[in-house]
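What's in target_35.pdb: PDB, C-alpha atoms
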```pdb
MODEL        1
ATOM      1  CA  MET K   7     -20.319  -0.194 -53.085
ATOM      2  CA  ILE K   8     -21.452  -0.541 -56.648
ATOM      3  CA  ALA K   9     -22.531   2.442 -58.744
ATOM      4  CA  ILE K  10     -25.262   0.532 -60.601
ATOM      5  CA  LYS K  11     -28.649   0.083 -58.919
ATOM      6  CA  PRO K  12     -29.007  -3.530 -57.689
ATOM      7  CA  ASN K  13     -31.466  -5.657 -59.653
ATOM      8  CA  VAL K  14     -33.651  -7.062 -56.855
ATOM      9  CA  GLN K  15     -37.290  -7.932 -56.297
ATOM     10  CA  PRO K  16     -38.610  -5.595 -53.541
ATOM     11  CA  GLU K  17     -40.478  -8.326 -51.632
ATOM     12  CA  ALA K  18     -37.848 -11.061 -52.043
ATOM     13  CA  ARG K  19     -35.584 -12.151 -49.198
ATOM     14  CA  TYR K  20     -31.812 -12.195 -49.679
ATOM     15  CA  THR K  21     -29.149 -13.866 -47.564
ATOM     16  CA  VAL K  22     -26.224 -11.994 -46.071
ATOM     17  CA  ASN K  23     -23.879 -13.265 -48.796
ATOM     18  CA  GLU K  24     -26.331 -12.334 -51.561
ATOM     19  CA  THR K  25     -26.774  -8.866 -50.063
ATOM     20  CA  CYS K  26     -23.006  -8.357 -49.908
ATOM     21  CA  ALA K  27     -22.713  -9.344 -53.575
ATOM     22  CA  LEU K  28     -25.637  -7.130 -54.650
ATOM     23  CA  LEU K  29     -24.229  -4.087 -52.859
ATOM     24  CA  GLY K  30     -20.632  -4.813 -53.821
ATOM     25  CA  VAL K  31     -19.205  -5.044 -50.312
ATOM     26  CA  LYS K  32     -16.655  -7.665 -49.281
ATOM     27  CA  SER K  33     -17.358  -7.941 -45.575
ATOM     28  CA  ARG K  34     -20.334  -8.873 -43.424
ATOM     29  CA  ASN K  35     -18.969  -6.335 -40.957
ATOM     30  CA  THR K  36     -19.872  -3.563 -43.393
ATOM     31  CA  LEU K  37     -23.487  -4.778 -43.509
ATOM     32  CA  ASN K  38     -23.584  -4.985 -39.718
ATOM     33  CA  ALA K  39     -22.274  -1.408 -39.459
ATOM     34  CA  TRP K  40     -24.957  -0.215 -41.876
ATOM     35  CA  VAL K  41     -27.617  -2.021 -39.820
ATOM     36  CA  GLU K  42     -26.360  -0.260 -36.672
ATOM     37  CA  LYS K  43     -26.407   3.116 -38.453
ATOM     38  CA  GLY K  44     -29.959   2.508 -39.686
ATOM     39  CA  TYR K  45     -29.182   2.326 -43.412
ATOM     40  CA  LEU K  46     -30.400  -1.271 -43.601
ATOM     41  CA  LYS K  47     -32.975  -3.297 -41.668
ATOM     42  CA  LYS K  48     -32.349  -6.962 -41.003
ATOM     43  CA  GLY K  49     -35.022  -9.621 -40.604
ATOM     44  CA  GLN K  50     -34.651 -13.037 -39.036
ATOM     45  CA  ARG K  51     -36.164 -16.304 -40.207
ATOM     46  CA  ARG K  52     -38.326 -18.080 -37.664
ATOM     47  CA  THR K  53     -37.392 -21.590 -38.764
ATOM     48  CA  ASN K  54     -33.609 -21.411 -38.553
ATOM     49  CA  GLY K  55     -32.846 -17.973 -37.086
ATOM     50  CA  ARG K  56     -30.719 -16.853 -40.022
ATOM     51  CA  PRO K  57     -30.818 -13.184 -40.975
ATOM     52  CA  PHE K  58     -32.186 -11.925 -44.275
ATOM     53  CA  PHE K  59     -32.631  -8.612 -46.050
ATOM     54  CA  LEU K  60     -35.635  -7.604 -48.128
ATOM     55  CA  GLY K  61     -35.002  -6.307 -51.627
ATOM     56  CA  SER K  62     -36.701  -3.028 -50.746
ATOM     57  CA  GLU K  63     -34.251  -2.526 -47.858
ATOM     58  CA  ILE K  64     -31.306  -3.247 -50.159
ATOM     59  CA  LEU K  65     -32.521  -0.552 -52.563
ATOM     60  CA  LYS K  66     -32.990   1.957 -49.705
ATOM     61  CA  CYS K  67     -29.496   1.221 -48.415
ATOM     62  CA  TRP K  68     -27.989   1.572 -51.882
ATOM     63  CA  ALA K  69     -29.645   4.971 -52.301
ATOM     64  CA  ALA K  70     -28.587   6.180 -48.844
ATOM     65  CA  VAL K  71     -24.969   5.073 -48.973
ATOM     66  CA  SER K  72     -24.106   5.798 -52.607
TER      67      SER K  72
ENDMDL
END
```

Could I get this file's structure written as structure tokens?
Amino acid sequence: MIAIKPNVQPEARYTVNETCALLGVKSRNTLNAWVEKGYLKKGQRRTNGRPFFLGSEILKCWAAVS
């Protein structure tokens, strides 16, 4: 986890890899654990079914976990 607040747009969508990089985690498993614990909410695209995270959720997670 990084100590500096992530620079994200609150309404923008970020991929799993982008979210990992923004939060400074190395594993998707960490993100999945945070989703299960309720620190982070995951959305899913209708067109291709891939998950995404909103910038506002990334900021909430950063505040809760750090």

**Exercise: K:Arg34 partners within 12 Å, only C-alpha atoms, chain neighbours under 6 positions left out, as a PyMOL selection string** = chain K and resi 21-27+40-41+57

**Request:** Could you jot down the atom CA of K:Ser72 to atom CA of K:Lys43 separation for me, Å, one decimal place?
**Result:**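 Pair atom CA of K:Ser72 / atom CA of K:Lys43 returns 14.6 Å.
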
**Message:** Just want the 9 Å neighbourhood of K:Cys67, counted on all atoms listed in the file, with same-chain residues fewer than 2 positions away dropped. Output as a PyMOL selection string.
**Reply:** chain K and resi 29+40+44-47+62-65+69-72

**Prompt:** Could you write out as a ChimeraX atom specification the residues that the PyMOL selection byres ((chain K and resi 61) around 10) matches in the shown file?
**Reply:** /K:12-20,25,28,58-60,62-67

**Request:** Quick one: pull the distance between atom CA of K:Met7 and atom CA of K:Gln50, Å, one decimal.
**Result:**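 One can read the atom CA of K:Met7 to atom CA of K:Gln50 distance as 23.8 Å.
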
Could you give me the centre and size, in Å to one decimal, of an axis-aligned box around all listed atoms of stretch 47-65 of chain K with 8 Å added on every side, as JSON?
```
{"center_x": -34.5, "center_y": -11.1, "center_z": -44.8, "size_x": 23.6, "size_y": 37.0, "size_z": 31.5}
```

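The coordinates place atom CA of K:Trp68 at 25.0 Å from atom CA of K:Gly55.
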
If I only have part of stretch 9-27 of chain K, can you fill in N, CA, C and O atoms and write it as a JSON list (two decimals), keeping the file's coordinate frame?
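Contents of part_26.json, freshly written:
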```json
[["chain", "number", "residue", "atom", "x", "y", "z"],
["K", 9, "ALA", "N", -21.90, 1.23, -58.25],
["K", 9, "ALA", "CA", -22.53, 2.44, -58.74],
["K", 9, "ALA", "C", -23.85, 2.15, -59.46],
["K", 9, "ALA", "O", -24.68, 3.04, -59.61],
["K", 10, "ILE", "N", -24.06, 0.91, -59.87],
["K", 10, "ILE", "CA", -25.26, 0.53, -60.60],
["K", 10, "ILE", "C", -26.31, 0.04, -59.60],
["K", 10, "ILE", "O", -26.00, -0.74, -58.70],
["K", 11, "LYS", "N", -27.55, 0.48, -59.80],
["K", 11, "LYS", "CA", -28.65, 0.08, -58.92],
["K", 11, "LYS", "C", -28.81, -1.43, -58.93],
["K", 11, "LYS", "O", -28.88, -2.05, -60.00],
["K", 12, "PRO", "N", -28.86, -2.07, -57.75],
["K", 12, "PRO", "CA", -29.01, -3.53, -57.69],
["K", 12, "PRO", "C", -30.33, -3.99, -58.31],
["K", 12, "PRO", "O", -31.36, -3.35, -58.12],
["K", 13, "ASN", "N", -30.28, -5.09, -59.03],
["K", 13, "ASN", "CA", -31.47, -5.66, -59.65],
["K", 13, "ASN", "C", -32.07, -6.67, -58.68],
["K", 13, "ASN", "O", -31.67, -7.83, -58.67],
["K", 14, "VAL", "N", -33.03, -6.21, -57.86],
["K", 14, "VAL", "CA", -33.65, -7.06, -56.86],
["K", 14, "VAL", "C", -35.16, -6.95, -56.94],
["K", 14, "VAL", "O", -35.70, -5.95, -57.44],
["K", 15, "GLN", "N", -35.84, -7.97, -56.45],
["K", 15, "GLN", "CA", -37.29, -7.93, -56.30],
["K", 15, "GLN", "C", -37.58, -7.32, -54.92],
["K", 15, "GLN", "O", -37.05, -7.81, -53.92],
["K", 16, "PRO", "N", -38.40, -6.28, -54.83],
["K", 16, "PRO", "CA", -38.61, -5.60, -53.54],
["K", 16, "PRO", "C", -39.11, -6.49, -52.41],
["K", 16, "PRO", "O", -38.75, -6.27, -51.26],
["K", 17, "GLU", "N", -39.92, -7.49, -52.69],
["K", 17, "GLU", "CA", -40.48, -8.33, -51.63],
["K", 17, "GLU", "C", -39.69, -9.62, -51.40],
["K", 17, "GLU", "O", -40.02, -10.38, -50.50],
["K", 18, "ALA", "N", -38.64, -9.84, -52.18],
["K", 18, "ALA", "CA", -37.85, -11.06, -52.04],
["K", 18, "ALA", "C", -36.90, -10.94, -50.85],
["K", 18, "ALA", "O", -36.51, -9.85, -50.45],
["K", 19, "ARG", "N", -36.54, -12.10, -50.30],
["K", 19, "ARG", "CA", -35.58, -12.15, -49.20],
["K", 19, "ARG", "C", -34.22, -12.57, -49.74],
["K", 19, "ARG", "O", -34.12, -13.49, -50.54],
["K", 20, "TYR", "N", -33.17, -11.91, -49.25],
["K", 20, "TYR", "CA", -31.81, -12.20, -49.68],
["K", 20, "TYR", "C", -30.94, -12.51, -48.47],
["K", 20, "TYR", "O", -31.07, -11.88, -47.42],
["K", 21, "THR", "N", -30.05, -13.48, -48.64],
["K", 21, "THR", "CA", -29.15, -13.87, -47.56],
["K", 21, "THR", "C", -28.09, -12.79, -47.38],
["K", 21, "THR", "O", -27.96, -11.86, -48.19],
["K", 22, "VAL", "N", -27.30, -12.94, -46.34],
["K", 22, "VAL", "CA", -26.22, -11.99, -46.07],
["K", 22, "VAL", "C", -25.22, -12.00, -47.23],
["K", 22, "VAL", "O", -24.81, -10.94, -47.71],
["K", 23, "ASN", "N", -24.84, -13.19, -47.70],
["K", 23, "ASN", "CA", -23.88, -13.26, -48.80],
["K", 23, "ASN", "C", -24.44, -12.66, -50.08],
["K", 23, "ASN", "O", -23.72, -11.96, -50.80],
["K", 24, "GLU", "N", -25.71, -12.91, -50.37],
["K", 24, "GLU", "CA", -26.33, -12.33, -51.56],
["K", 24, "GLU", "C", -26.39, -10.81, -51.46],
["K", 24, "GLU", "O", -26.12, -10.11, -52.43],
["K", 25, "THR", "N", -26.70, -10.31, -50.27],
["K", 25, "THR", "CA", -26.77, -8.87, -50.06],
["K", 25, "THR", "C", -25.41, -8.22, -50.24],
["K", 25, "THR", "O", -25.29, -7.17, -50.87],
["K", 26, "CYS", "N", -24.37, -8.86, -49.72],
["K", 26, "CYS", "CA", -23.01, -8.36, -49.91],
["K", 26, "CYS", "C", -22.68, -8.27, -51.40],
["K", 26, "CYS", "O", -22.14, -7.26, -51.86],
["K", 27, "ALA", "N", -23.01, -9.32, -52.14],
["K", 27, "ALA", "CA", -22.71, -9.34, -53.58],
["K", 27, "ALA", "C", -23.52, -8.28, -54.31],
["K", 27, "ALA", "O", -22.99, -7.59, -55.20]]
```
